[in-house]
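Participant: If it helps, the file is called structure-v5.cif and holds mmCIF, C-alpha atoms:
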```
data_structure
#
loop_
_atom_site.label_atom_id
_atom_site.label_comp_id
_atom_site.auth_asym_id
_atom_site.auth_seq_id
_atom_site.Cartn_x
_atom_site.Cartn_y
_atom_site.Cartn_z
CA MET K 1475 -23.50 -2.86 17.69
CA ARG K 1476 -20.15 -1.89 19.07
CA ARG K 1477 -19.73 -3.28 22.47
CA THR K 1478 -16.95 -4.12 24.79
CA ASP K 1479 -16.59 -7.42 26.56
CA GLY K 1480 -18.10 -7.73 29.99
CA GLN K 1481 -14.67 -7.78 31.59
CA SER K 1482 -13.77 -4.31 30.41
CA ASN K 1483 -16.35 -1.97 31.79
CA THR K 1484 -13.87 0.88 32.04
CA SER K 1485 -14.25 1.48 28.33
CA ARG K 1486 -16.52 4.04 26.81
CA LYS K 1487 -19.24 3.01 24.41
CA ASP K 1488 -17.53 4.31 21.28
CA LEU K 1489 -14.52 2.05 21.68
CA PRO K 1490 -13.77 -0.57 19.02
CA LYS K 1491 -14.82 -4.10 19.69
CA ARG K 1492 -12.21 -6.22 21.40
CA ASN K 1493 -11.54 -8.91 18.90
CA PHE K 1494 -8.14 -10.42 19.59
CA ARG K 1495 -8.45 -13.57 17.51
CA PHE K 1496 -7.15 -13.76 14.00
CA SER K 1497 -10.34 -14.01 11.95
CA SER K 1498 -11.56 -14.28 8.38
CA GLY K 1499 -11.71 -10.52 7.80
CA ASP K 1500 -7.99 -10.32 8.51
CA VAL K 1501 -7.30 -12.86 5.81
CA CYS K 1502 -9.19 -10.65 3.34
CA ILE K 1503 -7.12 -7.62 4.33
CA LEU K 1504 -3.91 -9.60 3.93
CA LEU K 1505 -5.03 -10.87 0.53
CA VAL K 1506 -5.82 -7.34 -0.66
CA ILE K 1507 -2.39 -6.12 0.44
CA VAL K 1508 -0.51 -9.03 -1.12
CA CYS K 1509 -2.43 -8.74 -4.41
CA PHE K 1510 -1.70 -5.02 -4.52
CA CYS K 1511 2.01 -5.68 -4.03
CA ILE K 1512 2.13 -8.46 -6.62
CA PHE K 1513 0.34 -6.15 -9.06
CA LEU K 1514 2.88 -3.37 -8.41
CA ILE K 1515 5.91 -5.64 -8.70
CA ALA K 1516 4.56 -7.24 -11.87
CA GLY K 1517 3.96 -3.81 -13.37
CA MET K 1518 7.53 -2.73 -12.69
CA TRP K 1519 8.90 -6.00 -13.97
CA VAL K 1520 7.01 -5.67 -17.26
CA ARG K 1521 8.18 -2.08 -17.67
CA MET K 1522 11.78 -3.16 -17.09
CA LYS K 1523 11.45 -5.98 -19.65
CA ILE K 1524 9.97 -3.69 -22.29
CA SER K 1525 12.58 -0.99 -21.92
CA LYS K 1526 15.54 -3.29 -21.48
CA ASP K 1527 17.10 -2.94 -24.91
CA SER K 1528 16.99 0.84 -25.23
CA ALA K 1529 20.01 2.88 -24.21
CA PRO K 1530 20.29 3.86 -20.54
CA TYR K 1531 19.99 7.50 -19.62
CA VAL K 1532 21.14 9.25 -16.50
CA ARG K 1533 18.63 11.68 -15.08
CA ILE K 1534 19.21 14.06 -12.22
CA THR K 1535 16.16 15.75 -10.74
CA LYS K 1536 16.06 18.47 -8.14
CA ASP K 1537 12.77 19.73 -6.70
CA GLY K 1538 10.99 17.96 -9.54
CA GLN K 1539 12.97 19.81 -12.21
CA VAL K 1540 15.18 17.81 -14.50
CA LEU K 1541 18.71 19.18 -14.28
CA LEU K 1542 20.39 16.68 -16.53
CA GLU K 1543 19.11 13.97 -18.84
CA ARG K 1544 21.57 12.39 -21.23
CA PRO K 1545 22.42 8.91 -22.44
CA LEU K 1546 25.23 7.26 -20.51
CA SER K 1547 27.07 6.64 -23.77
CA ASP K 1548 27.77 10.41 -23.95
CA PHE K 1549 30.08 10.10 -20.99
CA SER K 1550 32.97 8.12 -22.45
CA GLU K 1551 35.11 10.53 -20.46
CA PRO K 1552 33.98 10.54 -16.81
CA VAL K 1553 32.48 13.76 -15.55
CA ASP K 1554 31.94 15.14 -12.06
CA TYR K 1555 28.56 16.81 -12.01
CA LEU K 1556 28.22 19.43 -9.31
CA ILE K 1557 24.95 20.55 -7.77
CA SER K 1558 24.95 23.49 -5.46
CA GLY K 1559 22.06 25.33 -3.95
CA GLU K 1560 20.78 26.90 -0.78
CA ARG K 1561 20.10 23.48 0.72
CA GLY K 1562 23.49 21.96 0.12
CA SER K 1563 25.86 20.69 -2.50
CA MET K 1564 26.39 17.32 -4.13
CA ASN K 1565 29.01 15.82 -6.37
CA ILE K 1566 27.93 13.12 -8.78
CA TYR K 1567 30.39 11.06 -10.75
CA ILE K 1568 29.12 10.03 -14.18
CA SER K 1569 30.89 7.68 -16.58
CA SER K 1570 29.60 5.48 -19.36
CA GLU K 1571 29.53 2.45 -17.03
CA LYS K 1572 28.22 3.84 -13.78
CA VAL K 1573 26.90 6.81 -11.89
CA CYS K 1574 27.47 7.42 -8.21
CA VAL K 1575 27.10 10.16 -5.65
CA THR K 1576 30.63 10.79 -4.45
CA ASP K 1577 29.98 13.66 -2.10
CA SER K 1578 26.97 15.24 -0.47
CA SER K 1579 26.43 17.84 2.20
CA CYS K 1580 23.42 16.04 3.66
CA PRO K 1581 23.66 14.68 7.21
CA ASP K 1582 22.73 11.04 6.63
CA LYS K 1583 24.71 10.28 3.42
CA ILE K 1584 22.22 7.62 2.40
CA CYS K 1585 22.54 8.75 -1.22
CA MET K 1586 26.28 8.05 -1.05
CA HIS K 1587 25.73 4.65 0.57
CA GLN K 1588 23.65 3.62 -2.43
CA GLY K 1589 26.94 3.02 -4.24
CA ASP K 1590 27.25 2.55 -7.98
CA LEU K 1591 24.16 2.92 -10.11
CA VAL K 1592 24.58 0.67 -13.13
CA ARG K 1593 21.28 -0.60 -14.59
CA PRO K 1594 18.02 1.16 -15.46
CA GLY K 1595 15.94 1.25 -12.32
CA ASP K 1596 18.91 1.97 -10.07
CA GLY K 1597 18.76 5.24 -8.27
CA ALA K 1598 19.82 7.29 -5.28
CA VAL K 1599 17.56 9.65 -3.39
CA CYS K 1600 18.77 12.52 -1.26
CA LEU K 1601 15.78 13.94 0.56
CA PRO K 1602 17.57 16.73 2.45
CA ASN K 1603 18.74 18.12 -0.90
CA ARG K 1604 15.55 17.02 -2.74
CA VAL K 1605 17.72 15.42 -5.38
CA VAL K 1606 17.04 12.16 -7.19
CA VAL K 1607 19.72 10.53 -9.33
CA GLU K 1608 18.45 7.65 -11.41
CA ILE K 1609 19.22 5.58 -14.43
CA VAL K 1610 16.30 5.21 -16.79
CA SER K 1611 15.98 3.51 -20.12
CA GLY K 1612 15.72 5.74 -23.15
CA SER K 1613 12.20 5.51 -24.54
CA SER K 1614 10.07 5.46 -21.40
CA GLY K 1615 12.44 7.84 -19.66
CA ASP K 1616 11.90 10.55 -22.24
CA SER K 1617 8.15 10.70 -21.91
CA GLU K 1618 8.27 10.61 -18.15
CA GLY K 1619 10.69 13.49 -18.03
CA LYS K 1620 8.40 15.59 -20.16
CA VAL K 1621 5.36 14.79 -18.06
CA ASP K 1622 7.29 15.79 -14.98
CA VAL K 1623 8.29 19.15 -16.39
CA VAL K 1624 4.79 19.86 -17.66
CA SER K 1625 3.13 18.94 -14.39
CA LYS K 1626 5.36 21.37 -12.55
CA MET Z 932 -16.41 8.70 38.61
CA ASN Z 933 -16.61 10.52 35.35
CA LYS Z 934 -13.78 12.80 36.37
CA ARG Z 935 -11.66 9.83 37.30
CA ARG Z 936 -12.25 8.27 33.93
CA THR Z 937 -11.26 11.47 32.14
CA ALA Z 938 -8.07 11.67 34.15
CA TYR Z 939 -7.36 8.02 33.48
CA ASP Z 940 -7.89 8.45 29.75
CA LEU Z 941 -5.66 11.50 29.71
CA THR Z 942 -2.94 9.59 31.52
CA LYS Z 943 -3.16 6.69 29.12
CA THR Z 944 -2.95 9.00 26.12
CA ALA Z 945 0.06 10.80 27.55
CA MET Z 946 1.77 7.50 28.31
CA MET Z 947 1.15 6.24 24.80
CA LEU Z 948 2.46 9.49 23.33
CA ALA Z 949 5.69 9.05 25.30
CA LEU Z 950 5.90 5.43 24.14
CA ALA Z 951 5.32 6.44 20.52
CA LEU Z 952 8.10 8.99 20.74
CA VAL Z 953 10.61 6.57 22.24
CA LEU Z 954 9.70 3.88 19.70
CA SER Z 955 10.15 6.25 16.77
CA ILE Z 956 13.60 7.20 17.97
CA LEU Z 957 14.52 3.60 18.75
CA GLU Z 958 13.37 2.46 15.34
CA ALA Z 959 15.81 4.81 13.64
CA TRP Z 960 18.65 3.18 15.59
CA LEU Z 961 17.54 -0.43 15.29
CA LEU Z 962 17.00 -0.60 11.54
CA PRO Z 963 20.25 -1.20 9.72
CA LYS Z 964 20.92 1.53 7.18
CA GLY Z 965 20.91 -0.66 4.08
CA ILE Z 966 17.47 -2.25 4.39
CA ILE Z 967 15.39 0.80 3.56
CA PRO Z 968 17.38 2.89 1.13
CA VAL Z 969 15.37 6.09 1.28
CA PRO Z 970 16.05 8.31 4.28
CA GLY Z 971 13.09 8.84 6.56
CA PHE Z 972 11.17 5.68 5.76
CA LYS Z 973 10.07 3.78 8.82
CA LEU Z 974 8.28 0.53 9.43
CA GLY Z 975 6.02 2.15 11.99
CA LEU Z 976 6.84 0.48 15.29
CA ALA Z 977 5.24 3.51 16.89
CA ASN Z 978 1.95 2.08 15.64
CA ILE Z 979 1.89 0.05 18.86
CA ALA Z 980 1.08 3.22 20.76
CA LEU Z 981 -1.45 4.30 18.17
CA LEU Z 982 -3.19 0.92 18.31
CA VAL Z 983 -3.30 0.83 22.10
CA THR Z 984 -4.77 4.33 22.22
CA LEU Z 985 -7.34 3.45 19.60
CA TYR Z 986 -8.44 0.33 21.47
CA SER Z 987 -8.38 1.58 25.02
CA VAL Z 988 -9.01 5.35 24.86
CA GLY Z 989 -10.66 6.33 21.61
CA ARG Z 990 -10.30 7.48 18.04
CA LYS Z 991 -9.78 11.20 18.61
CA GLU Z 992 -7.07 10.55 21.14
CA ALA Z 993 -5.32 8.20 18.72
CA LEU Z 994 -5.19 10.96 16.11
CA LEU Z 995 -3.81 13.26 18.80
CA VAL Z 996 -1.05 10.77 19.53
CA ALA Z 997 -0.20 10.47 15.83
CA VAL Z 998 0.03 14.22 15.26
CA LEU Z 999 1.73 15.17 18.51
CA ARG Z 1000 4.31 12.43 18.06
CA SER Z 1001 5.42 13.96 14.76
CA LEU Z 1002 5.53 17.44 16.27
CA LEU Z 1003 7.53 16.31 19.28
CA LEU Z 1004 9.91 14.33 17.07
CA LEU Z 1005 10.56 17.55 15.19
CA ALA Z 1006 11.21 19.31 18.50
CA PHE Z 1007 13.62 16.60 19.66
CA GLY Z 1008 16.18 17.17 16.96
CA GLY Z 1009 14.31 15.77 14.00
CA ASN Z 1010 14.39 17.44 10.64
CA ILE Z 1011 11.51 18.73 8.58
CA VAL Z 1012 11.78 15.78 6.17
CA GLY Z 1013 11.29 13.29 8.98
CA PHE Z 1014 8.38 15.38 10.24
CA VAL Z 1015 6.50 15.26 6.95
CA PHE Z 1016 7.15 11.53 6.67
CA SER Z 1017 5.95 10.62 10.12
CA LEU Z 1018 2.97 12.98 9.99
CA LEU Z 1019 1.62 11.69 6.68
CA GLY Z 1020 2.40 8.09 7.63
CA GLY Z 1021 0.72 8.46 11.01
CA ILE Z 1022 -2.42 10.14 9.68
CA CYS Z 1023 -2.83 7.58 6.90
CA ALA Z 1024 -2.39 4.74 9.38
CA TRP Z 1025 -4.89 6.31 11.77
CA ALA Z 1026 -7.54 6.88 9.09
CA THR Z 1027 -7.26 3.32 7.82
CA MET Z 1028 -7.33 1.76 11.25
CA CYS Z 1029 -10.45 3.74 12.18
CA ALA Z 1030 -12.13 2.65 8.97
CA VAL Z 1031 -11.18 -0.99 9.29
CA VAL Z 1032 -11.61 -1.56 13.00
CA ASP Z 1033 -15.42 -1.79 12.97
CA LEU Z 1034 -15.73 -4.04 9.95
CA PRO Z 1035 -17.24 -7.40 10.86
CA LYS Z 1036 -14.84 -10.25 11.47
CA VAL Z 1037 -11.77 -8.05 11.53
CA SER Z 1038 -9.60 -8.50 14.58
CA ILE Z 1039 -6.79 -6.42 15.98
CA PHE Z 1040 -4.44 -8.21 13.56
CA GLY Z 1041 -6.26 -6.98 10.48
CA THR Z 1042 -6.48 -3.47 11.90
CA SER Z 1043 -2.80 -3.35 12.67
CA ILE Z 1044 -1.71 -4.81 9.33
CA ALA Z 1045 -3.90 -2.41 7.36
CA GLY Z 1046 -2.58 0.47 9.41
CA ALA Z 1047 1.04 -0.53 8.89
CA ALA Z 1048 0.57 -0.95 5.13
CA THR Z 1049 -1.02 2.49 4.76
CA HIS Z 1050 1.70 3.93 6.99
CA GLY Z 1051 4.04 2.97 4.15
CA ILE Z 1052 1.74 4.47 1.53
CA GLY Z 1053 1.59 7.73 3.47
CA GLN Z 1054 5.36 7.90 3.56
CA ILE Z 1055 5.59 7.28 -0.18
CA ILE Z 1056 3.14 10.14 -0.71
CA ALA Z 1057 5.42 12.33 1.42
CA ALA Z 1058 8.42 11.29 -0.66
CA LEU Z 1059 6.52 11.98 -3.88
CA LEU Z 1060 5.65 15.46 -2.63
CA LEU Z 1061 9.23 16.18 -1.59
CA THR Z 1062 11.14 14.83 -4.58
CA ARG Z 1063 8.40 15.17 -7.23
CA THR Z 1064 9.71 12.15 -9.08
CA PHE Z 1065 8.00 8.84 -9.57
CA PHE Z 1066 11.22 7.01 -8.83
CA VAL Z 1067 10.33 6.59 -5.15
CA LEU Z 1068 7.33 4.44 -6.13
CA LEU Z 1069 9.81 1.61 -6.68
CA TYR Z 1070 10.08 1.21 -2.92
CA LEU Z 1071 6.32 0.97 -2.36
CA PRO Z 1072 5.86 -2.83 -2.54
CA TYR Z 1073 8.84 -3.52 -0.28
CA LEU Z 1074 7.70 -0.94 2.22
CA ILE Z 1075 4.16 -2.33 2.27
CA LEU Z 1076 5.26 -5.96 2.65
CA LEU Z 1077 7.80 -5.18 5.38
CA GLY Z 1078 5.26 -2.96 7.08
CA SER Z 1079 2.56 -5.62 7.03
CA ALA Z 1080 4.88 -8.13 8.64
CA ALA Z 1081 5.71 -5.54 11.29
CA GLY Z 1082 1.98 -4.88 11.66
CA ALA Z 1083 1.27 -8.51 12.56
CA VAL Z 1084 4.01 -8.46 15.21
CA ILE Z 1085 2.70 -5.15 16.54
CA ALA Z 1086 -0.83 -6.55 16.93
CA PHE Z 1087 0.59 -9.49 18.86
CA LEU Z 1088 2.46 -7.12 21.18
CA THR Z 1089 -0.54 -4.82 21.62
CA ILE Z 1090 -2.98 -7.43 22.95
CA PRO Z 1091 -1.40 -7.86 26.42
CA VAL Z 1092 -1.02 -4.09 26.80
CA VAL Z 1093 -4.71 -3.43 26.10
CA LYS Z 1094 -5.73 -6.23 28.44
CA ALA Z 1095 -3.46 -4.94 31.20
CA LEU Z 1096 -4.83 -1.40 30.82
CA ASP Z 1097 -8.38 -2.74 31.13
CA HIS Z 1098 -7.40 -4.63 34.23
CA ILE Z 1099 -5.79 -1.61 35.89
CA GLY Z 1100 -8.74 0.55 34.91
CA ASN Z 1101 -11.27 -1.83 36.41
CA GLY Z 1102 -9.50 -1.71 39.75
CA MET Z 1103 -9.09 2.03 39.73
CA ILE Z 1104 -12.41 3.35 38.62
CA GLN Z 1105 -14.84 1.19 40.53
#
```
Please lay out the structure from this file as structure tokens.

Facilitator:
Amino acid sequence: MRRTDGQSNTSRKDLPKRNFRFSSGDVCILLVIVCFCIFLIAGMWVRMKISKDSAPYVRITKDGQVLLERPLSDFSEPVDYLISGERGSMNIYISSEKVCVTDSSCPDKICMHQGDLVRPGDGAVCLPNRVVVEIVSGSSGDSEGKVDVVSK
Amino acid sequence: MNKRRTAYDLTKTAMMLALALVLSILEAWLLPKGIIPVPGFKLGLANIALLVTLYSVGRKEALLVAVLRSLLLLAFGGNIVGFVFSLLGGICAWATMCAVVDLPKVSIFGTSIAGAATHGIGQIIAALLLTRTFFVLLYLPYLILLGSAAGAVIAFLTIPVVKALDHIGNGMIQ
């Protein structure tokens, strides 16, 4: 079954076949991958459409535990939310228009480079601190938060 | 002759491990910060080394390269987050490539693309474990699509390397 080409007799018998030409099986693999991605993107898009009109929430999660979950409209006066822990500290600015990570002790600062989070679906992840800051829309956000807490 | 072959295989594996390590480090420099917004995500350029090992040494050695690369990355100033990412990504890519490589009518391109796509899935699993939020799933389609494109390029780059290794081996072992 598995065999190597005559030119390559250095190979052992259990080596994969040397097929270097793009063939029909590859097209199938590509199709599967593309369909999977389209399916995922469509799913997200539908979820965004459904939850568009409900009020945006800000949710801050650390180690899978929800630290803060409140509608953005509560923050008519901007607030600096501080997270401190053994891993490091973060400062998150929250106002009714936007949320952004203004300071973080992590080395790469990718969470800060994410900039302003404005719409549902926006988010910043800080892996060194295990913190996720995201904006979710009210209805779907609620249930997800509960599931998260329960599954912990 | 058998001893020679063992030594030759060992050398190839070691070479590919070194290549994987360098590529992983290079990849972190080459990718502009904004493209992949979650720290630690990689396209998997180091899959070149994994693919070459799989095709010209064997499956077990390819797994060895994947695992040792993550461990050595950790030793060379990586952090534990990067370690979990590269380990899960590498093992997922290896498992998929081993499963796909013997399917009929699948060439090195299909193998590489499938490996690169699952490399992304492995990293998302790592991110899910670390953050325990579903938010990171948002990046999955982008990571898979970018990874698949990288996978096609990687397959293209791997072909001459495998052929050259065969050529060298033929001269050496006979």

Participant: Expanded to explicit residues, what is the PyMOL selection byres ((chain K) within 6 of (chain Z)) for this file, as a PyMOL selection string?

Facilitator: chain K and resi 1482+1484+1489-1490+1493-1497+1499-1500+1511+1537-1538+1604

Participant: How would you write, as a list in words, the residues chosen by the PyMOL selection byres ((chain K and resi 1566) around 9) on this structure?

Facilitator: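 On this input, the PyMOL selection byres ((chain K and resi 1566) around 9) captures Val1553, Asp1554, Tyr1555, Leu1556, Ile1557, Met1564, Asn1565, Tyr1567, Ile1568, Val1573, Cys1574, Val1575, Thr1576, Asp1577, Ser1578 and Val1607 of chain K.
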
Participant: Measure the distance from atom CA of K:Arg1561 to atom CA of K:Glu1608 in Å and round it to one decimal.

Facilitator: 20.0 Å

Participant: Quick one: pull the distance between atom CA of Z:Val983 and atom CA of Z:Gly1008, Å, one decimal.

Facilitator: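 Between atom CA of Z:Val983 and atom CA of Z:Gly1008 the gap is 25.9 Å.
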
Participant: Quick check, in Å to one decimal: how far apart do atom CA of Z:Gly1078 and atom CA of Z:Thr942 lie?

Facilitator: 28.7 Å

Participant: So which residues touch stretch 1015-1020 of chain Z within 10 Å, counting all atoms listed in the file, skipping near sequence neighbours fewer than 3 positions away, as a VMD selection string?

Facilitator: chain Z and resid 955 970 to 975 977 997 to 1002 1004 to 1005 1010 to 1012 1023 to 1025 1046 to 1058 1060 to 1061

Participant: Could you tell me which of K:Val1540, K:Val1532, K:Leu1505, K:Val1605 comes closest to K:Arg1593 if we count all atoms listed in the file?

Facilitator: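 Once distances to K:Arg1593 are computed over all atoms listed in the file, the minimum belongs to K:Val1532.
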
Participant: Which residues are near K:Gly1595? Cut-off 8 Å, only C-alpha atoms, ignore same chain within fewer than 4 positions. Put them as a list in words.

Facilitator: Met1522, Glu1608, Ile1609 and Val1610 of chain K

Participant: Write the residues you've just listed into a file as a PDB file, in the coordinates of the input, and include C-alpha atoms for each of them.

Facilitator:
```pdb
ATOM      1  CA  MET K1522      11.780  -3.160 -17.090  1.00  0.00           C
ATOM      2  CA  GLU K1608      18.450   7.650 -11.410  1.00  0.00           C
ATOM      3  CA  ILE K1609      19.220   5.580 -14.430  1.00  0.00           C
ATOM      4  CA  VAL K1610      16.300   5.210 -16.790  1.00  0.00           C
TER       5      VAL K1610
END
```

Participant: From the list Z:Val1092, Z:Ile956, Z:Ala1083, Z:Ala945, which residue is nearest Z:Val996 when using all atoms listed in the file?

Facilitator: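 Of all the options, Z:Ala945 lies closest to Z:Val996.
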
Participant: Written as a ChimeraX atom specification, which residues does the PyMOL selection byres ((chain Z and resi 950) around 10) give for the file shown?

Facilitator: /Z:944-949,951-955,977-981,996,1000

Participant: Next, dump the selected residues to file, keeping only C-alpha atoms, as a PDB file, in the coordinates of the input.

Facilitator:
```
ATOM      1  CA  THR Z 944      -2.950   9.000  26.120  1.00  0.00           C
ATOM      2  CA  ALA Z 945       0.060  10.800  27.550  1.00  0.00           C
ATOM      3  CA  MET Z 946       1.770   7.500  28.310  1.00  0.00           C
ATOM      4  CA  MET Z 947       1.150   6.240  24.800  1.00  0.00           C
ATOM      5  CA  LEU Z 948       2.460   9.490  23.330  1.00  0.00           C
ATOM      6  CA  ALA Z 949       5.690   9.050  25.300  1.00  0.00           C
ATOM      7  CA  ALA Z 951       5.320   6.440  20.520  1.00  0.00           C
ATOM      8  CA  LEU Z 952       8.100   8.990  20.740  1.00  0.00           C
ATOM      9  CA  VAL Z 953      10.610   6.570  22.240  1.00  0.00           C
ATOM     10  CA  LEU Z 954       9.700   3.880  19.700  1.00  0.00           C
ATOM     11  CA  SER Z 955      10.150   6.250  16.770  1.00  0.00           C
ATOM     12  CA  ALA Z 977       5.240   3.510  16.890  1.00  0.00           C
ATOM     13  CA  ASN Z 978       1.950   2.080  15.640  1.00  0.00           C
ATOM     14  CA  ILE Z 979       1.890   0.050  18.860  1.00  0.00           C
ATOM     15  CA  ALA Z 980       1.080   3.220  20.760  1.00  0.00           C
ATOM     16  CA  LEU Z 981      -1.450   4.300  18.170  1.00  0.00           C
ATOM     17  CA  VAL Z 996      -1.050  10.770  19.530  1.00  0.00           C
ATOM     18  CA  ARG Z1000       4.310  12.430  18.060  1.00  0.00           C
TER      19      ARG Z1000
END
```

Participant: May I ask which of the residues Z:Leu994, Z:Thr984, Z:Leu1088, Z:Asn933 is the closest one to Z:Gly1021, counting all atoms listed in the file?

Facilitator: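 Of Z:Leu994, Z:Thr984, Z:Leu1088, Z:Asn933, the one nearest Z:Gly1021, counting all atoms listed in the file, is Z:Leu994.
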
Participant: With all atoms of stretch 1562-1568 of chain K from the file as input, state the centre and edge lengths in Å to one decimal of the axis-aligned box that has 5 Å extra on each side, as JSON.

Facilitator:
```
{"center_x": 26.9, "center_y": 16.0, "center_z": -7.0, "size_x": 16.9, "size_y": 21.9, "size_z": 24.3}
```
